[in-house]
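See structure below.
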Amino acid sequence: MFTVTRAAARQIRKVANDGDMEELALRIAAARESDGGITYRMGFDEVSTEDTLISAGGVDILIGGNDKELLQGATLDFVELEPGRPSFVFLNPNDPHFRPPKE
């Protein structure tokens with residue numbers, strides 16, 4: 001299962017509203033890099049027949065068939081990694097570079 005935090009859902013809705021894309025869903029794509037890590041792409045798109053549609057946190061997320069395995073168990077968050085520089089972050093146990101957040 002792919003999850004979206006409240007902070008990420010809030011930011012996705014804001015971006016969709018600001019860009020007049022409320023009728024579209026956020027497509028998330030993942031690809032394996034040569035070092036085994038995973039890179040991600042996001043953009044608003046329409047649903048196609050190959051997609052899995054997930055509703056999470058009040059937003060619709062599209063995941064294509066080839067990306068399901070890489071995104072299984074991942075979480076999309078929106079955090080401030082550096083002061084004044086918030087960004088989307090993928091917490092993905094399928095990525096060998098993933099380090100769980102310290103509590």
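Every chain in the structure tokens has a letter given in the order shown (A, B, ...), and although residue numbers restart at 1 in each chain, ligands are simply numbered from 1 in the order shown.
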I want to know what sits within 10 Å of A:Ala7, based on only C-alpha atoms, with residues of the same chain fewer than 5 positions away left out; could you give that as a ChimeraX atom specification?
/A:12,57,76-79,88
Would you save the residues from that selection as a PDB file, in the first residue's frame, using N, CA and C atoms?
ATOM      1  N   ILE A  12      -0.355  18.881  -1.880  1.00  0.00           N
ATOM      2  CA  ILE A  12      -0.845  18.441  -3.193  1.00  0.00           C
ATOM      3  C   ILE A  12      -2.115  19.207  -3.552  1.00  0.00           C
ATOM      4  N   GLY A  57      -5.765  10.805   2.063  1.00  0.00           N
ATOM      5  CA  GLY A  57      -5.705  12.154   2.617  1.00  0.00           C
ATOM      6  C   GLY A  57      -6.501  13.173   1.830  1.00  0.00           C
ATOM      7  N   LEU A  76       4.583   9.135   1.004  1.00  0.00           N
ATOM      8  CA  LEU A  76       4.938  10.463   0.514  1.00  0.00           C
ATOM      9  C   LEU A  76       4.668  11.454   1.628  1.00  0.00           C
ATOM     10  N   ASP A  77       5.683  12.235   1.978  1.00  0.00           N
ATOM     11  CA  ASP A  77       5.556  13.240   3.036  1.00  0.00           C
ATOM     12  C   ASP A  77       5.975  14.592   2.476  1.00  0.00           C
ATOM     13  N   PHE A  78       5.645  15.646   3.190  1.00  0.00           N
ATOM     14  CA  PHE A  78       6.055  17.009   2.837  1.00  0.00           C
ATOM     15  C   PHE A  78       6.656  17.601   4.100  1.00  0.00           C
ATOM     16  N   VAL A  79       7.969  17.792   4.082  1.00  0.00           N
ATOM     17  CA  VAL A  79       8.687  18.219   5.285  1.00  0.00           C
ATOM     18  C   VAL A  79       9.674  19.334   4.961  1.00  0.00           C
ATOM     19  N   PHE A  88       8.758  17.637  -0.954  1.00  0.00           N
ATOM     20  CA  PHE A  88       8.194  16.298  -0.878  1.00  0.00           C
ATOM     21  C   PHE A  88       9.338  15.315  -0.649  1.00  0.00           C
TER      22      PHE A  88
END
Mind the document's chain letters and residue numbers, and return as number ranges by chain the residues of chain A that DSSP labels strand (DSSP E or B).
A: 3-4, 25-32, 38-45, 52-56, 59-63, 75-82, 85-91
Next, write the just-selected residues to a file, as a tab-separated table (two decimals), in the first residue's frame, keeping N, CA and C atoms as the atom set.
chain	number	residue	atom	x	y	z
A	3	THR	N	1.05	5.29	0.93
A	3	THR	CA	0.36	6.23	1.80
A	3	THR	C	0.86	7.66	1.57
A	4	VAL	N	0.01	8.59	1.97
A	4	VAL	CA	0.30	10.01	1.84
A	4	VAL	C	0.03	10.65	3.21
A	25	ALA	N	-5.54	13.94	-11.10
A	25	ALA	CA	-4.92	13.23	-9.98
A	25	ALA	C	-3.40	13.38	-10.09
A	26	LEU	N	-2.73	13.19	-8.98
A	26	LEU	CA	-1.28	13.26	-8.98
A	26	LEU	C	-0.70	11.91	-9.38
A	27	ARG	N	0.03	11.89	-10.49
A	27	ARG	CA	0.69	10.66	-10.94
A	27	ARG	C	2.07	10.61	-10.30
A	28	ILE	N	2.39	9.44	-9.73
A	28	ILE	CA	3.70	9.21	-9.16
A	28	ILE	C	4.34	8.06	-9.91
A	29	ALA	N	5.53	8.30	-10.44
A	29	ALA	CA	6.28	7.28	-11.17
A	29	ALA	C	7.60	7.04	-10.45
A	30	ALA	N	8.07	5.82	-10.50
A	30	ALA	CA	9.33	5.45	-9.85
A	30	ALA	C	10.17	4.64	-10.82
A	31	ALA	N	11.48	4.81	-10.74
A	31	ALA	CA	12.40	4.05	-11.60
A	31	ALA	C	13.64	3.68	-10.80
A	32	ARG	N	14.14	2.50	-11.06
A	32	ARG	CA	15.35	2.02	-10.39
A	32	ARG	C	16.56	2.62	-11.09
A	38	ILE	N	16.13	4.57	-6.01
A	38	ILE	CA	14.90	4.84	-6.75
A	38	ILE	C	14.75	6.34	-6.95
A	39	THR	N	14.41	6.73	-8.18
A	39	THR	CA	14.08	8.12	-8.46
A	39	THR	C	12.58	8.22	-8.70
A	40	TYR	N	12.04	9.42	-8.46
A	40	TYR	CA	10.60	9.63	-8.52
A	40	TYR	C	10.28	10.81	-9.42
A	41	ARG	N	9.12	10.71	-10.07
A	41	ARG	CA	8.57	11.83	-10.85
A	41	ARG	C	7.13	12.00	-10.43
A	42	MET	N	6.69	13.23	-10.37
A	42	MET	CA	5.30	13.52	-10.02
A	42	MET	C	4.76	14.58	-10.97
A	43	GLY	N	3.49	14.44	-11.30
A	43	GLY	CA	2.82	15.42	-12.13
A	43	GLY	C	1.33	15.11	-12.18
A	44	PHE	N	0.53	16.10	-12.46
A	44	PHE	CA	-0.92	15.91	-12.52
A	44	PHE	C	-1.30	15.32	-13.87
A	45	ASP	N	-2.25	14.38	-13.84
A	45	ASP	CA	-2.58	13.64	-15.05
A	45	ASP	C	-4.01	13.08	-14.93
A	52	THR	N	-3.46	2.37	-11.15
A	52	THR	CA	-4.11	2.11	-9.87
A	52	THR	C	-4.41	3.48	-9.29
A	53	LEU	N	-5.66	3.71	-8.91
A	53	LEU	CA	-6.08	4.97	-8.32
A	53	LEU	C	-6.21	4.77	-6.82
A	54	ILE	N	-5.49	5.59	-6.07
A	54	ILE	CA	-5.52	5.54	-4.61
A	54	ILE	C	-6.03	6.87	-4.10
A	55	SER	N	-7.00	6.82	-3.22
A	55	SER	CA	-7.45	8.05	-2.54
A	55	SER	C	-6.83	8.04	-1.16
A	56	ALA	N	-6.03	9.06	-0.88
A	56	ALA	CA	-5.33	9.13	0.39
A	56	ALA	C	-5.29	10.58	0.86
A	59	VAL	N	-6.77	13.26	-1.44
A	59	VAL	CA	-6.23	13.48	-2.79
A	59	VAL	C	-6.21	12.15	-3.54
A	60	ASP	N	-6.28	12.23	-4.85
A	60	ASP	CA	-6.22	11.05	-5.70
A	60	ASP	C	-4.80	10.89	-6.23
A	61	ILE	N	-4.26	9.69	-6.09
A	61	ILE	CA	-2.91	9.37	-6.53
A	61	ILE	C	-3.00	8.30	-7.61
A	62	LEU	N	-2.27	8.48	-8.70
A	62	LEU	CA	-2.20	7.49	-9.78
A	62	LEU	C	-0.85	6.81	-9.74
A	63	ILE	N	-0.87	5.49	-9.80
A	63	ILE	CA	0.37	4.73	-9.88
A	63	ILE	C	0.22	3.77	-11.06
A	75	THR	N	5.76	5.87	1.57
A	75	THR	CA	4.97	7.00	2.07
A	75	THR	C	5.50	8.27	1.44
A	76	LEU	N	4.58	9.14	1.00
A	76	LEU	CA	4.94	10.46	0.51
A	76	LEU	C	4.67	11.45	1.63
A	77	ASP	N	5.68	12.23	1.98
A	77	ASP	CA	5.56	13.24	3.04
A	77	ASP	C	5.97	14.59	2.48
A	78	PHE	N	5.65	15.65	3.19
A	78	PHE	CA	6.05	17.01	2.84
A	78	PHE	C	6.66	17.60	4.10
A	79	VAL	N	7.97	17.79	4.08
A	79	VAL	CA	8.69	18.22	5.28
A	79	VAL	C	9.67	19.33	4.96
A	80	GLU	N	10.11	19.99	6.01
A	80	GLU	CA	11.12	21.04	5.89
A	80	GLU	C	12.46	20.43	6.28
A	81	LEU	N	13.23	20.01	5.27
A	81	LEU	CA	14.53	19.40	5.52
A	81	LEU	C	15.56	20.44	5.94
A	82	GLU	N	15.44	21.62	5.37
A	82	GLU	CA	16.28	22.75	5.73
A	82	GLU	C	15.35	23.90	6.06
A	85	ARG	N	12.88	25.60	3.47
A	85	ARG	CA	12.92	24.86	2.21
A	85	ARG	C	12.15	23.55	2.31
A	86	PRO	N	10.82	23.63	2.36
A	86	PRO	CA	10.03	22.40	2.42
A	86	PRO	C	10.04	21.68	1.08
A	87	SER	N	9.90	20.36	1.14
A	87	SER	CA	9.85	19.59	-0.10
A	87	SER	C	9.16	18.26	0.15
A	88	PHE	N	8.76	17.64	-0.95
A	88	PHE	CA	8.19	16.30	-0.88
A	88	PHE	C	9.34	15.31	-0.65
A	89	VAL	N	9.07	14.31	0.18
A	89	VAL	CA	10.06	13.29	0.50
A	89	VAL	C	9.38	11.93	0.42
A	90	PHE	N	10.05	10.98	-0.22
A	90	PHE	CA	9.55	9.61	-0.28
A	90	PHE	C	10.27	8.78	0.77
A	91	LEU	N	9.49	8.14	1.62
A	91	LEU	CA	10.03	7.22	2.62
A	91	LEU	C	9.70	5.83	2.08
Just asking: which residues within chain A are alpha helix (DSSP H) according to DSSP, as an mmCIF file with N, CA, C and O atoms, in the first residue's frame?
data_model
loop_
_atom_site.group_PDB
_atom_site.id
_atom_site.type_symbol
_atom_site.label_atom_id
_atom_site.label_comp_id
_atom_site.auth_asym_id
_atom_site.auth_seq_id
_atom_site.Cartn_x
_atom_site.Cartn_y
_atom_site.Cartn_z
ATOM 1 N N ARG A 6 -0.672 13.696 5.971
ATOM 2 C CA ARG A 6 -1.566 14.872 5.929
ATOM 3 C C ARG A 6 -0.865 16.079 5.330
ATOM 4 O O ARG A 6 -1.444 16.827 4.561
ATOM 5 N N ALA A 7 0.397 16.273 5.722
ATOM 6 C CA ALA A 7 1.150 17.428 5.209
ATOM 7 C C ALA A 7 1.314 17.343 3.697
ATOM 8 O O ALA A 7 1.160 18.342 2.983
ATOM 9 N N ALA A 8 1.617 16.154 3.177
ATOM 10 C CA ALA A 8 1.768 15.987 1.728
ATOM 11 C C ALA A 8 0.436 16.190 1.020
ATOM 12 O O ALA A 8 0.376 16.858 -0.018
ATOM 13 N N ALA A 9 -0.645 15.633 1.573
ATOM 14 C CA ALA A 9 -1.971 15.795 0.958
ATOM 15 C C ALA A 9 -2.360 17.264 0.908
ATOM 16 O O ALA A 9 -2.881 17.745 -0.105
ATOM 17 N N ARG A 10 -2.093 17.982 1.981
ATOM 18 C CA ARG A 10 -2.410 19.414 2.039
ATOM 19 C C ARG A 10 -1.651 20.170 0.936
ATOM 20 O O ARG A 10 -2.208 21.009 0.239
ATOM 21 N N GLN A 11 -0.373 19.839 0.758
ATOM 22 C CA GLN A 11 0.439 20.518 -0.258
ATOM 23 C C GLN A 11 0.004 20.129 -1.666
ATOM 24 O O GLN A 11 -0.021 20.960 -2.567
ATOM 25 N N ILE A 12 -0.355 18.881 -1.880
ATOM 26 C CA ILE A 12 -0.845 18.441 -3.193
ATOM 27 C C ILE A 12 -2.115 19.207 -3.552
ATOM 28 O O ILE A 12 -2.263 19.692 -4.679
ATOM 29 N N ARG A 13 -3.044 19.320 -2.596
ATOM 30 C CA ARG A 13 -4.280 20.084 -2.855
ATOM 31 C C ARG A 13 -3.962 21.540 -3.170
ATOM 32 O O ARG A 13 -4.551 22.133 -4.077
ATOM 33 N N LYS A 14 -3.010 22.135 -2.443
ATOM 34 C CA LYS A 14 -2.635 23.535 -2.687
ATOM 35 C C LYS A 14 -2.075 23.711 -4.103
ATOM 36 O O LYS A 14 -2.473 24.615 -4.824
ATOM 37 N N VAL A 15 -1.167 22.828 -4.492
ATOM 38 C CA VAL A 15 -0.576 22.917 -5.837
ATOM 39 C C VAL A 15 -1.651 22.725 -6.911
ATOM 40 O O VAL A 15 -1.680 23.450 -7.908
ATOM 41 N N ALA A 16 -2.549 21.767 -6.701
ATOM 42 C CA ALA A 16 -3.627 21.526 -7.666
ATOM 43 C C ALA A 16 -4.531 22.748 -7.771
ATOM 44 O O ALA A 16 -4.895 23.156 -8.885
ATOM 45 N N ASN A 17 -4.890 23.338 -6.639
ATOM 46 C CA ASN A 17 -5.751 24.532 -6.652
ATOM 47 C C ASN A 17 -5.052 25.712 -7.305
ATOM 48 O O ASN A 17 -5.648 26.418 -8.121
ATOM 49 N N ASP A 18 -3.786 25.931 -6.963
ATOM 50 C CA ASP A 18 -3.040 27.063 -7.526
ATOM 51 C C ASP A 18 -2.852 26.924 -9.035
ATOM 52 O O ASP A 18 -2.809 27.915 -9.753
ATOM 53 N N LYS A 68 4.097 0.009 -9.401
ATOM 54 C CA LYS A 68 3.478 -0.517 -8.181
ATOM 55 C C LYS A 68 4.472 -1.208 -7.264
ATOM 56 O O LYS A 68 4.487 -0.977 -6.065
ATOM 57 N N GLU A 69 5.298 -2.057 -7.827
ATOM 58 C CA GLU A 69 6.237 -2.823 -7.004
ATOM 59 C C GLU A 69 7.230 -1.906 -6.289
ATOM 60 O O GLU A 69 7.512 -2.094 -5.109
ATOM 61 N N LEU A 70 7.751 -0.918 -6.987
ATOM 62 C CA LEU A 70 8.734 -0.012 -6.377
ATOM 63 C C LEU A 70 8.111 0.895 -5.308
ATOM 64 O O LEU A 70 8.794 1.333 -4.393
ATOM 65 N N LEU A 71 6.812 1.168 -5.434
ATOM 66 C CA LEU A 71 6.152 2.072 -4.496
ATOM 67 C C LEU A 71 5.400 1.348 -3.381
ATOM 68 O O LEU A 71 4.868 1.984 -2.473
#
